[in-house]
file run-v6.pdb (PDB, C-alpha atoms and all ligand atoms)
ATOM      1  CA  MET A  29      69.426  99.331  98.203  1.00  0.00           C
ATOM      2  CA  ILE A  30      69.109  97.305  95.037  1.00  0.00           C
ATOM      3  CA  ILE A  31      71.944  97.313  92.520  1.00  0.00           C
ATOM      4  CA  GLU A  32      71.764  95.114  89.466  1.00  0.00           C
ATOM      5  CA  THR A  33      74.881  94.235  87.531  1.00  0.00           C
ATOM      6  CA  GLU A  34      75.137  91.920  84.561  1.00  0.00           C
ATOM      7  CA  ARG A  35      74.961  88.723  86.668  1.00  0.00           C
ATOM      8  CA  LEU A  36      74.312  89.916  90.222  1.00  0.00           C
ATOM      9  CA  ILE A  37      71.909  91.673  92.541  1.00  0.00           C
ATOM     10  CA  ILE A  38      73.186  93.576  95.578  1.00  0.00           C
ATOM     11  CA  ALA A  39      70.241  93.799  97.934  1.00  0.00           C
ATOM     12  CA  ASP A  40      69.254  94.733 101.474  1.00  0.00           C
ATOM     13  CA  LEU A  41      70.006  92.224 104.200  1.00  0.00           C
ATOM     14  CA  THR A  42      66.949  90.463 105.646  1.00  0.00           C
ATOM     15  CA  ILE A  43      66.616  88.131 108.622  1.00  0.00           C
ATOM     16  CA  ASP A  44      65.599  85.141 106.473  1.00  0.00           C
ATOM     17  CA  MET A  45      69.130  85.211 105.005  1.00  0.00           C
ATOM     18  CA  CYS A  46      70.757  83.975 108.226  1.00  0.00           C
ATOM     19  CA  VAL A  47      70.910  80.347 106.995  1.00  0.00           C
ATOM     20  CA  ALA A  48      72.759  81.363 103.820  1.00  0.00           C
ATOM     21  CA  VAL A  49      74.962  83.787 105.772  1.00  0.00           C
ATOM     22  CA  GLN A  50      75.994  80.964 108.114  1.00  0.00           C
ATOM     23  CA  GLU A  51      76.592  78.464 105.293  1.00  0.00           C
ATOM     24  CA  ASN A  52      78.611  80.939 103.242  1.00  0.00           C
ATOM     25  CA  SER A  53      80.692  82.016 106.221  1.00  0.00           C
ATOM     26  CA  ILE A  54      82.308  78.670 107.012  1.00  0.00           C
ATOM     27  CA  ASP A  55      84.458  78.167 103.938  1.00  0.00           C
ATOM     28  CA  GLU A  56      88.203  77.714 104.341  1.00  0.00           C
ATOM     29  CA  ASP A  57      89.174  81.075 102.785  1.00  0.00           C
ATOM     30  CA  ASN A  58      86.831  83.010 105.043  1.00  0.00           C
ATOM     31  CA  LYS A  59      88.158  81.122 108.082  1.00  0.00           C
ATOM     32  CA  ARG A  60      91.680  81.976 107.011  1.00  0.00           C
ATOM     33  CA  PHE A  61      91.250  85.599 105.968  1.00  0.00           C
ATOM     34  CA  VAL A  62      88.180  86.923 107.826  1.00  0.00           C
ATOM     35  CA  PRO A  63      87.918  84.734 110.934  1.00  0.00           C
ATOM     36  CA  ASP A  64      85.781  87.217 112.853  1.00  0.00           C
ATOM     37  CA  GLU A  65      82.992  86.787 110.284  1.00  0.00           C
ATOM     38  CA  VAL A  66      82.686  83.001 110.571  1.00  0.00           C
ATOM     39  CA  PHE A  67      79.475  81.707 112.191  1.00  0.00           C
ATOM     40  CA  GLU A  68      79.515  78.143 113.433  1.00  0.00           C
ATOM     41  CA  THR A  69      75.745  78.069 114.059  1.00  0.00           C
ATOM     42  CA  ILE A  70      72.658  79.595 112.463  1.00  0.00           C
ATOM     43  CA  GLU A  71      71.881  81.187 115.837  1.00  0.00           C
ATOM     44  CA  ASP A  72      75.246  82.994 115.786  1.00  0.00           C
ATOM     45  CA  ALA A  73      74.559  84.167 112.247  1.00  0.00           C
ATOM     46  CA  ARG A  74      71.041  85.307 113.224  1.00  0.00           C
ATOM     47  CA  LYS A  75      72.353  87.498 116.069  1.00  0.00           C
ATOM     48  CA  THR A  76      74.838  89.159 113.748  1.00  0.00           C
ATOM     49  CA  VAL A  77      72.284  89.601 110.958  1.00  0.00           C
ATOM     50  CA  GLU A  78      69.902  91.247 113.451  1.00  0.00           C
ATOM     51  CA  TRP A  79      72.689  93.523 114.625  1.00  0.00           C
ATOM     52  CA  LEU A  80      73.667  94.400 111.043  1.00  0.00           C
ATOM     53  CA  ILE A  81      70.065  95.237 110.133  1.00  0.00           C
ATOM     54  CA  GLU A  82      69.912  97.590 113.140  1.00  0.00           C
ATOM     55  CA  SER A  83      73.333  99.035 112.323  1.00  0.00           C
ATOM     56  CA  SER A  84      72.243  99.831 108.791  1.00  0.00           C
ATOM     57  CA  GLN A  85      69.887 102.429 110.304  1.00  0.00           C
ATOM     58  CA  CYS A  86      72.798 104.197 112.055  1.00  0.00           C
ATOM     59  CA  GLU A  87      74.930 106.907 110.538  1.00  0.00           C
ATOM     60  CA  LYS A  88      78.188 104.970 111.031  1.00  0.00           C
ATOM     61  CA  GLY A  89      76.964 101.545 109.879  1.00  0.00           C
ATOM     62  CA  PRO A  90      78.438  99.072 109.174  1.00  0.00           C
ATOM     63  CA  PHE A  91      76.408  98.690 105.988  1.00  0.00           C
ATOM     64  CA  LEU A  92      76.422  95.132 104.671  1.00  0.00           C
ATOM     65  CA  TYR A  93      74.592  93.973 101.556  1.00  0.00           C
ATOM     66  CA  PRO A  94      74.171  90.401 100.350  1.00  0.00           C
ATOM     67  CA  ILE A  95      75.323  89.507  96.844  1.00  0.00           C
ATOM     68  CA  LEU A  96      72.759  87.373  95.018  1.00  0.00           C
ATOM     69  CA  LEU A  97      72.808  85.626  91.681  1.00  0.00           C
ATOM     70  CA  LYS A  98      69.864  86.531  89.460  1.00  0.00           C
ATOM     71  CA  ASN A  99      68.162  83.302  90.643  1.00  0.00           C
ATOM     72  CA  LYS A 100      68.385  84.753  94.209  1.00  0.00           C
ATOM     73  CA  THR A 101      71.132  82.384  95.407  1.00  0.00           C
ATOM     74  CA  ASN A 102      73.027  84.175  98.157  1.00  0.00           C
ATOM     75  CA  ILE A 103      76.740  83.933  97.292  1.00  0.00           C
ATOM     76  CA  GLY A 104      78.325  86.444  99.661  1.00  0.00           C
ATOM     77  CA  TYR A 105      78.309  90.077 100.658  1.00  0.00           C
ATOM     78  CA  VAL A 106      79.898  93.453 100.211  1.00  0.00           C
ATOM     79  CA  GLN A 107      80.069  95.954 103.060  1.00  0.00           C
ATOM     80  CA  VAL A 108      81.505  99.231 104.244  1.00  0.00           C
ATOM     81  CA  CYS A 109      82.702  99.831 107.800  1.00  0.00           C
ATOM     82  CA  SER A 110      83.562 103.194 109.296  1.00  0.00           C
ATOM     83  CA  LEU A 111      87.100 103.908 110.432  1.00  0.00           C
ATOM     84  CA  GLU A 112      87.852 106.945 112.576  1.00  0.00           C
ATOM     85  CA  ASN A 113      87.515 109.407 109.697  1.00  0.00           C
ATOM     86  CA  ASP A 114      87.254 107.109 106.706  1.00  0.00           C
ATOM     87  CA  TRP A 115      85.490 104.057 105.321  1.00  0.00           C
ATOM     88  CA  GLU A 116      86.765 100.588 104.503  1.00  0.00           C
ATOM     89  CA  ILE A 117      85.300  98.065 102.087  1.00  0.00           C
ATOM     90  CA  GLY A 118      84.895  94.358 102.938  1.00  0.00           C
ATOM     91  CA  TYR A 119      83.600  91.435 100.893  1.00  0.00           C
ATOM     92  CA  HIS A 120      83.252  87.699 100.705  1.00  0.00           C
ATOM     93  CA  ILE A 121      82.265  85.310  97.939  1.00  0.00           C
ATOM     94  CA  ALA A 122      81.525  81.776  99.141  1.00  0.00           C
ATOM     95  CA  LYS A 123      84.216  79.373  98.001  1.00  0.00           C
ATOM     96  CA  LYS A 124      82.102  77.379  95.564  1.00  0.00           C
ATOM     97  CA  TYR A 125      81.300  80.570  93.622  1.00  0.00           C
ATOM     98  CA  THR A 126      84.817  82.044  93.501  1.00  0.00           C
ATOM     99  CA  GLY A 127      86.892  82.351  90.344  1.00  0.00           C
ATOM    100  CA  ASN A 128      84.018  83.717  88.246  1.00  0.00           C
ATOM    101  CA  GLY A 129      84.707  87.429  88.599  1.00  0.00           C
ATOM    102  CA  TYR A 130      81.764  87.901  90.983  1.00  0.00           C
ATOM    103  CA  ALA A 131      83.664  89.880  93.633  1.00  0.00           C
ATOM    104  CA  THR A 132      85.030  92.252  91.003  1.00  0.00           C
ATOM    105  CA  GLU A 133      81.621  92.679  89.358  1.00  0.00           C
ATOM    106  CA  ALA A 134      79.891  93.306  92.705  1.00  0.00           C
ATOM    107  CA  ILE A 135      82.442  95.842  93.934  1.00  0.00           C
ATOM    108  CA  ARG A 136      82.476  97.717  90.633  1.00  0.00           C
ATOM    109  CA  GLY A 137      78.709  98.048  90.846  1.00  0.00           C
ATOM    110  CA  PHE A 138      78.666  98.839  94.555  1.00  0.00           C
ATOM    111  CA  LEU A 139      81.345 101.553  94.808  1.00  0.00           C
ATOM    112  CA  PRO A 140      79.646 104.413  92.945  1.00  0.00           C
ATOM    113  CA  VAL A 141      76.331 103.826  94.731  1.00  0.00           C
ATOM    114  CA  ILE A 142      77.653 103.511  98.285  1.00  0.00           C
ATOM    115  CA  MET A 143      80.087 106.397  97.841  1.00  0.00           C
ATOM    116  CA  LYS A 144      77.263 108.629  96.636  1.00  0.00           C
ATOM    117  CA  ASN A 145      75.026 107.500  99.535  1.00  0.00           C
ATOM    118  CA  LEU A 146      77.757 108.209 102.085  1.00  0.00           C
ATOM    119  CA  ASP A 147      78.863 111.355 100.256  1.00  0.00           C
ATOM    120  CA  ILE A 148      82.521 110.306 100.252  1.00  0.00           C
ATOM    121  CA  ASN A 149      85.185 110.384  97.563  1.00  0.00           C
ATOM    122  CA  SER A 150      87.630 107.791  98.879  1.00  0.00           C
ATOM    123  CA  ILE A 151      87.410 104.346 100.415  1.00  0.00           C
ATOM    124  CA  TYR A 152      90.065 101.977 101.795  1.00  0.00           C
ATOM    125  CA  GLY A 153      90.649  98.265 101.277  1.00  0.00           C
ATOM    126  CA  VAL A 154      92.876  96.465 103.799  1.00  0.00           C
ATOM    127  CA  VAL A 155      94.079  93.004 102.774  1.00  0.00           C
ATOM    128  CA  LEU A 156      96.460  90.461 104.304  1.00  0.00           C
ATOM    129  CA  GLU A 157      99.679  90.109 102.300  1.00  0.00           C
ATOM    130  CA  GLU A 158      98.940  86.422 101.677  1.00  0.00           C
ATOM    131  CA  ASN A 159      95.404  87.076 100.344  1.00  0.00           C
ATOM    132  CA  ILE A 160      96.405  87.233  96.674  1.00  0.00           C
ATOM    133  CA  ALA A 161      92.874  86.798  95.295  1.00  0.00           C
ATOM    134  CA  SER A 162      91.754  89.851  97.248  1.00  0.00           C
ATOM    135  CA  HIS A 163      94.716  91.963  96.020  1.00  0.00           C
ATOM    136  CA  LYS A 164      93.675  91.043  92.487  1.00  0.00           C
ATOM    137  CA  VAL A 165      90.076  92.008  93.104  1.00  0.00           C
ATOM    138  CA  LEU A 166      91.075  95.462  94.357  1.00  0.00           C
ATOM    139  CA  ASP A 167      93.535  95.931  91.471  1.00  0.00           C
ATOM    140  CA  LYS A 168      90.778  95.042  89.006  1.00  0.00           C
ATOM    141  CA  CYS A 169      88.463  97.548  90.711  1.00  0.00           C
ATOM    142  CA  ASN A 170      91.046 100.360  90.272  1.00  0.00           C
ATOM    143  CA  PHE A 171      92.090 100.623  93.913  1.00  0.00           C
ATOM    144  CA  LYS A 172      95.626 102.013  94.268  1.00  0.00           C
ATOM    145  CA  LEU A 173      98.189 100.362  96.518  1.00  0.00           C
ATOM    146  CA  GLU A 174      99.057 102.837  99.285  1.00  0.00           C
ATOM    147  CA  LEU A 175     100.987 100.785 101.851  1.00  0.00           C
ATOM    148  CA  VAL A 176     102.698  97.419 102.203  1.00  0.00           C
ATOM    149  CA  GLY A 177     103.731  96.784 105.789  1.00  0.00           C
ATOM    150  CA  THR A 178     102.917  95.374 109.172  1.00  0.00           C
ATOM    151  CA  GLU A 179      99.922  96.776 111.005  1.00  0.00           C
ATOM    152  CA  LYS A 180      97.248  95.630 113.414  1.00  0.00           C
ATOM    153  CA  TYR A 181      94.641  93.429 111.678  1.00  0.00           C
ATOM    154  CA  GLN A 182      91.808  92.273 113.909  1.00  0.00           C
ATOM    155  CA  GLY A 183      94.010  93.123 116.893  1.00  0.00           C
ATOM    156  CA  VAL A 184      97.142  91.229 115.771  1.00  0.00           C
ATOM    157  CA  ASP A 185     100.266  92.498 113.938  1.00  0.00           C
ATOM    158  CA  LYS A 186     100.080  91.170 110.381  1.00  0.00           C
ATOM    159  CA  LYS A 187     101.764  91.783 107.029  1.00  0.00           C
ATOM    160  CA  LEU A 188      99.160  93.539 104.953  1.00  0.00           C
ATOM    161  CA  ARG A 189      98.423  95.906 102.129  1.00  0.00           C
ATOM    162  CA  ARG A 190      96.312  99.019 102.280  1.00  0.00           C
ATOM    163  CA  TYR A 191      94.616 100.152  99.090  1.00  0.00           C
ATOM    164  CA  ILE A 192      92.614 103.272  98.371  1.00  0.00           C
ATOM    165  CA  PHE A 193      89.956 104.014  95.781  1.00  0.00           C
ATOM    166  CA  ASN A 194      89.373 107.653  94.882  1.00  0.00           C
ATOM    167  CA  ILE A 195      86.791 109.232  92.648  1.00  0.00           C
TER     168      ILE A 195
HETATM  169  C1  LIG B   1      88.816  87.298  97.723  1.00  0.00           C
HETATM  170  C2  LIG B   1      87.480  86.827  97.160  1.00  0.00           C
HETATM  171  C3  LIG B   1      86.421  87.861  97.505  1.00  0.00           C
HETATM  172  C4  LIG B   1      87.592  86.718  95.644  1.00  0.00           C
HETATM  173  O1  LIG B   1      86.310  86.431  95.094  1.00  0.00           O
HETATM  174  P1  LIG B   1      86.146  86.026  93.549  1.00  0.00           P
HETATM  175  O2  LIG B   1      84.713  86.189  93.195  1.00  0.00           O
HETATM  176  O3  LIG B   1      86.804  84.750  93.269  1.00  0.00           O
HETATM  177  O4  LIG B   1      87.007  87.206  92.856  1.00  0.00           O
HETATM  178  P2  LIG B   1      87.191  87.489  91.289  1.00  0.00           P
HETATM  179  O5  LIG B   1      86.817  86.230  90.542  1.00  0.00           O
HETATM  180  O6  LIG B   1      86.496  88.746  90.965  1.00  0.00           O
HETATM  181  O7  LIG B   1      88.757  87.755  91.181  1.00  0.00           O
HETATM  182  C5  LIG B   1      89.698  86.881  91.804  1.00  0.00           C
HETATM  183  C6  LIG B   1      91.035  86.980  91.104  1.00  0.00           C
HETATM  184  O8  LIG B   1      92.027  86.376  91.941  1.00  0.00           O
HETATM  185  C7  LIG B   1      92.667  85.335  91.219  1.00  0.00           C
HETATM  186  N1  LIG B   1      93.088  84.341  92.204  1.00  0.00           N
HETATM  187  C8  LIG B   1      92.317  83.601  93.020  1.00  0.00           C
HETATM  188  N2  LIG B   1      93.088  82.858  93.832  1.00  0.00           N
HETATM  189  C9  LIG B   1      94.377  83.166  93.534  1.00  0.00           C
HETATM  190  C10 LIG B   1      95.630  82.740  94.029  1.00  0.00           C
HETATM  191  N3  LIG B   1      95.714  81.868  95.042  1.00  0.00           N
HETATM  192  N4  LIG B   1      96.764  83.261  93.491  1.00  0.00           N
HETATM  193  C11 LIG B   1      96.674  84.176  92.494  1.00  0.00           C
HETATM  194  N5  LIG B   1      95.504  84.629  91.992  1.00  0.00           N
HETATM  195  C12 LIG B   1      94.372  84.117  92.508  1.00  0.00           C
HETATM  196  C13 LIG B   1      91.634  84.874  90.206  1.00  0.00           C
HETATM  197  O9  LIG B   1      92.235  84.174  89.127  1.00  0.00           O
HETATM  198  C14 LIG B   1      91.070  86.229  89.790  1.00  0.00           C
HETATM  199  O10 LIG B   1      91.945  86.955  88.970  1.00  0.00           O
HETATM  200  P3  LIG B   1      91.768  87.026  87.353  1.00  0.00           P
HETATM  201  O11 LIG B   1      90.432  87.646  87.087  1.00  0.00           O
HETATM  202  O12 LIG B   1      92.914  87.863  86.926  1.00  0.00           O
HETATM  203  O13 LIG B   1      91.831  85.600  86.872  1.00  0.00           O
HETATM  204  C15 LIG B   1      87.076  85.425  97.737  1.00  0.00           C
HETATM  205  O14 LIG B   1      88.105  84.514  97.459  1.00  0.00           O
HETATM  206  C16 LIG B   1      86.793  85.474  99.212  1.00  0.00           C
HETATM  207  O15 LIG B   1      85.700  85.828  99.612  1.00  0.00           O
HETATM  208  N6  LIG B   1      87.775  85.102 100.064  1.00  0.00           N
HETATM  209  C17 LIG B   1      87.574  84.982 101.505  1.00  0.00           C
HETATM  210  C18 LIG B   1      87.186  86.293 102.176  1.00  0.00           C
HETATM  211  C19 LIG B   1      88.170  87.392 101.856  1.00  0.00           C
HETATM  212  O16 LIG B   1      89.355  87.162 101.725  1.00  0.00           O
HETATM  213  N7  LIG B   1      87.643  88.622 101.771  1.00  0.00           N
HETATM  214  C20 LIG B   1      88.457  89.794 101.527  1.00  0.00           C
HETATM  215  C21 LIG B   1      89.106  90.243 102.788  1.00  0.00           C
HETATM  216  S1  LIG B   1      90.168  91.629 102.454  1.00  0.00           S
END
call {"tool": "encode", "arguments": {"input": "run-v6.pdb", "output": "structure tokens"}}
result
Amino acid sequence: MIIETERLIIADLTIDMCVAVQENSIDEDNKRFVPDEVFETIEDARKTVEWLIESSQCEKGPFLYPILLKNKTNIGYVQVCSLENDWEIGYHIAKKYTGNGYATEAIRGFLPVIMKNLDINSIYGVVLEENIASHKVLDKCNFKLELVGTEKYQGVDKKLRRYIFNI
């Protein structure tokens, strides 16, 4: 996959990206909000990148794509993971690149392409109640708030919001 937006490229994941994946993963917001995608070593990141590349060949994914600036700097990722009968979006922009509208721009570019590829017309976004930046991103991408409540999040009961995007 290659998607170009005004300032970004959403590309296929390659093994040489494991250094950037590791570096990007260890920022404070990712540790707080997506702790299961934090890699303390490049070796840890490499194993996961290898697994993700293999998974991208499977029907159920997950499908993760790096987000690059036009100068090829790797600033994060956008992904879709399968739920039982649905799909959920996930994303991260490394802390030093946040606040520039990159997550919103990437997701707006990504949604129509991935939804066409998967032949789906809805996709979920599940966000911790305290993750205000992420609520804003989904609002700006025209996701609709479907639920505010307490549900399991990475195995633990948490206050969260579930959003849905329909085409
Ligand atoms: C959430 C995240 C993807 C946002 O990336 P980003 O590129 O900064 O997003 P955008 O710039 O497109 O939009 C962020 C919005 O949140 C706002 N925002 C950021 N922090 C905020 C805060 N603490 N309180 C209120 N608003 C906040 C920004 O001002 C912006 O809104 P605006 O356009 O109305 O000004 C990034 O912070 C991140 O990767 N966090 C860690 C991982 C994560 O939480 N992933 C999502 C899991 S559901």
call {"tool": "resolve_selection", "arguments": {"input": "run-v6.pdb", "expression": "the PyMOL selection byres (((not hetatm)) within 10 of (chain B and resi 1))", "output": "number ranges by chain"}}
result
A: 52-63, 65, 103-106, 116-136, 153-169, 188-190
call {"tool": "write_last_selection", "arguments": {"input": "run-v6.pdb", "atoms": "C-alpha atoms", "output": "PDB file, in the coordinates of the input"}}
result
ATOM      1  CA  ASN A  52      78.611  80.939 103.242  1.00  0.00           C
ATOM      2  CA  SER A  53      80.692  82.016 106.221  1.00  0.00           C
ATOM      3  CA  ILE A  54      82.308  78.670 107.012  1.00  0.00           C
ATOM      4  CA  ASP A  55      84.458  78.167 103.938  1.00  0.00           C
ATOM      5  CA  GLU A  56      88.203  77.714 104.341  1.00  0.00           C
ATOM      6  CA  ASP A  57      89.174  81.075 102.785  1.00  0.00           C
ATOM      7  CA  ASN A  58      86.831  83.010 105.043  1.00  0.00           C
ATOM      8  CA  LYS A  59      88.158  81.122 108.082  1.00  0.00           C
ATOM      9  CA  ARG A  60      91.680  81.976 107.011  1.00  0.00           C
ATOM     10  CA  PHE A  61      91.250  85.599 105.968  1.00  0.00           C
ATOM     11  CA  VAL A  62      88.180  86.923 107.826  1.00  0.00           C
ATOM     12  CA  PRO A  63      87.918  84.734 110.934  1.00  0.00           C
ATOM     13  CA  GLU A  65      82.992  86.787 110.284  1.00  0.00           C
ATOM     14  CA  ILE A 103      76.740  83.933  97.292  1.00  0.00           C
ATOM     15  CA  GLY A 104      78.325  86.444  99.661  1.00  0.00           C
ATOM     16  CA  TYR A 105      78.309  90.077 100.658  1.00  0.00           C
ATOM     17  CA  VAL A 106      79.898  93.453 100.211  1.00  0.00           C
ATOM     18  CA  GLU A 116      86.765 100.588 104.503  1.00  0.00           C
ATOM     19  CA  ILE A 117      85.300  98.065 102.087  1.00  0.00           C
ATOM     20  CA  GLY A 118      84.895  94.358 102.938  1.00  0.00           C
ATOM     21  CA  TYR A 119      83.600  91.435 100.893  1.00  0.00           C
ATOM     22  CA  HIS A 120      83.252  87.699 100.705  1.00  0.00           C
ATOM     23  CA  ILE A 121      82.265  85.310  97.939  1.00  0.00           C
ATOM     24  CA  ALA A 122      81.525  81.776  99.141  1.00  0.00           C
ATOM     25  CA  LYS A 123      84.216  79.373  98.001  1.00  0.00           C
ATOM     26  CA  LYS A 124      82.102  77.379  95.564  1.00  0.00           C
ATOM     27  CA  TYR A 125      81.300  80.570  93.622  1.00  0.00           C
ATOM     28  CA  THR A 126      84.817  82.044  93.501  1.00  0.00           C
ATOM     29  CA  GLY A 127      86.892  82.351  90.344  1.00  0.00           C
ATOM     30  CA  ASN A 128      84.018  83.717  88.246  1.00  0.00           C
ATOM     31  CA  GLY A 129      84.707  87.429  88.599  1.00  0.00           C
ATOM     32  CA  TYR A 130      81.764  87.901  90.983  1.00  0.00           C
ATOM     33  CA  ALA A 131      83.664  89.880  93.633  1.00  0.00           C
ATOM     34  CA  THR A 132      85.030  92.252  91.003  1.00  0.00           C
ATOM     35  CA  GLU A 133      81.621  92.679  89.358  1.00  0.00           C
ATOM     36  CA  ALA A 134      79.891  93.306  92.705  1.00  0.00           C
ATOM     37  CA  ILE A 135      82.442  95.842  93.934  1.00  0.00           C
ATOM     38  CA  ARG A 136      82.476  97.717  90.633  1.00  0.00           C
ATOM     39  CA  GLY A 153      90.649  98.265 101.277  1.00  0.00           C
ATOM     40  CA  VAL A 154      92.876  96.465 103.799  1.00  0.00           C
ATOM     41  CA  VAL A 155      94.079  93.004 102.774  1.00  0.00           C
ATOM     42  CA  LEU A 156      96.460  90.461 104.304  1.00  0.00           C
ATOM     43  CA  GLU A 157      99.679  90.109 102.300  1.00  0.00           C
ATOM     44  CA  GLU A 158      98.940  86.422 101.677  1.00  0.00           C
ATOM     45  CA  ASN A 159      95.404  87.076 100.344  1.00  0.00           C
ATOM     46  CA  ILE A 160      96.405  87.233  96.674  1.00  0.00           C
ATOM     47  CA  ALA A 161      92.874  86.798  95.295  1.00  0.00           C
ATOM     48  CA  SER A 162      91.754  89.851  97.248  1.00  0.00           C
ATOM     49  CA  HIS A 163      94.716  91.963  96.020  1.00  0.00           C
ATOM     50  CA  LYS A 164      93.675  91.043  92.487  1.00  0.00           C
ATOM     51  CA  VAL A 165      90.076  92.008  93.104  1.00  0.00           C
ATOM     52  CA  LEU A 166      91.075  95.462  94.357  1.00  0.00           C
ATOM     53  CA  ASP A 167      93.535  95.931  91.471  1.00  0.00           C
ATOM     54  CA  LYS A 168      90.778  95.042  89.006  1.00  0.00           C
ATOM     55  CA  CYS A 169      88.463  97.548  90.711  1.00  0.00           C
ATOM     56  CA  LEU A 188      99.160  93.539 104.953  1.00  0.00           C
ATOM     57  CA  ARG A 189      98.423  95.906 102.129  1.00  0.00           C
ATOM     58  CA  ARG A 190      96.312  99.019 102.280  1.00  0.00           C
TER      59      ARG A 190
END
call {"tool": "residues_around", "arguments": {"input": "run-v6.pdb", "residues": "stretch 89-97 of chain A", "least_positions_apart": "4", "cutoff": "8 Å", "atoms": "all atoms listed in the file", "output": "JSON, numbers by chain"}}
result
{"A": [35, 36, 37, 38, 39, 40, 41, 80, 83, 84, 85, 101, 102, 103, 104, 105, 106, 107, 108, 109, 110, 134]}
call {"tool": "write_last_selection", "arguments": {"input": "run-v6.pdb", "atoms": "C-alpha atoms", "output": "PDB file, keeping the file's coordinate frame"}}
result
ATOM      1  CA  ARG A  35      74.961  88.723  86.668  1.00  0.00           C
ATOM      2  CA  LEU A  36      74.312  89.916  90.222  1.00  0.00           C
ATOM      3  CA  ILE A  37      71.909  91.673  92.541  1.00  0.00           C
ATOM      4  CA  ILE A  38      73.186  93.576  95.578  1.00  0.00           C
ATOM      5  CA  ALA A  39      70.241  93.799  97.934  1.00  0.00           C
ATOM      6  CA  ASP A  40      69.254  94.733 101.474  1.00  0.00           C
ATOM      7  CA  LEU A  41      70.006  92.224 104.200  1.00  0.00           C
ATOM      8  CA  LEU A  80      73.667  94.400 111.043  1.00  0.00           C
ATOM      9  CA  SER A  83      73.333  99.035 112.323  1.00  0.00           C
ATOM     10  CA  SER A  84      72.243  99.831 108.791  1.00  0.00           C
ATOM     11  CA  GLN A  85      69.887 102.429 110.304  1.00  0.00           C
ATOM     12  CA  THR A 101      71.132  82.384  95.407  1.00  0.00           C
ATOM     13  CA  ASN A 102      73.027  84.175  98.157  1.00  0.00           C
ATOM     14  CA  ILE A 103      76.740  83.933  97.292  1.00  0.00           C
ATOM     15  CA  GLY A 104      78.325  86.444  99.661  1.00  0.00           C
ATOM     16  CA  TYR A 105      78.309  90.077 100.658  1.00  0.00           C
ATOM     17  CA  VAL A 106      79.898  93.453 100.211  1.00  0.00           C
ATOM     18  CA  GLN A 107      80.069  95.954 103.060  1.00  0.00           C
ATOM     19  CA  VAL A 108      81.505  99.231 104.244  1.00  0.00           C
ATOM     20  CA  CYS A 109      82.702  99.831 107.800  1.00  0.00           C
ATOM     21  CA  SER A 110      83.562 103.194 109.296  1.00  0.00           C
ATOM     22  CA  ALA A 134      79.891  93.306  92.705  1.00  0.00           C
TER      23      ALA A 134
END
call {"tool": "atom_distance", "arguments": {"input": "run-v6.pdb", "atom1": "atom CA of A:Phe171", "atom2": "atom CA of A:Lys144"}}
result
17.1 Å
call {"tool": "atom_distance", "arguments": {"input": "run-v6.pdb", "atom1": "atom CA of A:Lys187", "atom2": "atom CA of A:Asn170"}}
result
21.7 Å
call {"tool": "closest_residue", "arguments": {"input": "run-v6.pdb", "among": "A:Leu173, A:Ile192, A:Val77, A:Lys180", "to": "A:Tyr152", "atoms": "all atoms listed in the file"}}
result
A:Ile192
call {"tool": "atom_distance", "arguments": {"input": "run-v6.pdb", "atom1": "atom CA of A:Glu32", "atom2": "atom CA of A:Met45"}}
result
18.6 Å
call {"tool": "closest_residue", "arguments": {"input": "run-v6.pdb", "among": "A:Thr178, A:Lys75, A:Leu146, A:Glu112", "to": "A:Asp44", "atoms": "all atoms listed in the file"}}
result
A:Lys75
call {"tool": "resolve_selection", "arguments": {"input": "run-v6.pdb", "expression": "the PyMOL selection byres (((chain A and resi 148) around 12) and not hetatm)", "output": "list in words"}}
result
Val108, Ser110, Asn113, Asp114, Trp115, Glu116, Leu139, Pro140, Val141, Ile142, Met143, Lys144, Asn145, Leu146, Asp147, Asn149, Ser150, Ile151, Tyr152, Phe193, Asn194 and Ile195 of chain A
call {"tool": "write_last_selection", "arguments": {"input": "run-v6.pdb", "atoms": "C-alpha atoms", "output": "PDB file, keeping the file's coordinate frame"}}
result
ATOM      1  CA  VAL A 108      81.505  99.231 104.244  1.00  0.00           C
ATOM      2  CA  SER A 110      83.562 103.194 109.296  1.00  0.00           C
ATOM      3  CA  ASN A 113      87.515 109.407 109.697  1.00  0.00           C
ATOM      4  CA  ASP A 114      87.254 107.109 106.706  1.00  0.00           C
ATOM      5  CA  TRP A 115      85.490 104.057 105.321  1.00  0.00           C
ATOM      6  CA  GLU A 116      86.765 100.588 104.503  1.00  0.00           C
ATOM      7  CA  LEU A 139      81.345 101.553  94.808  1.00  0.00           C
ATOM      8  CA  PRO A 140      79.646 104.413  92.945  1.00  0.00           C
ATOM      9  CA  VAL A 141      76.331 103.826  94.731  1.00  0.00           C
ATOM     10  CA  ILE A 142      77.653 103.511  98.285  1.00  0.00           C
ATOM     11  CA  MET A 143      80.087 106.397  97.841  1.00  0.00           C
ATOM     12  CA  LYS A 144      77.263 108.629  96.636  1.00  0.00           C
ATOM     13  CA  ASN A 145      75.026 107.500  99.535  1.00  0.00           C
ATOM     14  CA  LEU A 146      77.757 108.209 102.085  1.00  0.00           C
ATOM     15  CA  ASP A 147      78.863 111.355 100.256  1.00  0.00           C
ATOM     16  CA  ASN A 149      85.185 110.384  97.563  1.00  0.00           C
ATOM     17  CA  SER A 150      87.630 107.791  98.879  1.00  0.00           C
ATOM     18  CA  ILE A 151      87.410 104.346 100.415  1.00  0.00           C
ATOM     19  CA  TYR A 152      90.065 101.977 101.795  1.00  0.00           C
ATOM     20  CA  PHE A 193      89.956 104.014  95.781  1.00  0.00           C
ATOM     21  CA  ASN A 194      89.373 107.653  94.882  1.00  0.00           C
ATOM     22  CA  ILE A 195      86.791 109.232  92.648  1.00  0.00           C
TER      23      ILE A 195
END
call {"tool": "closest_residue", "arguments": {"input": "run-v6.pdb", "among": "A:Asp185, A:Glu82, A:Glu51, A:Glu179", "to": "A:Thr69", "atoms": "all atoms listed in the file"}}
result
A:Glu51
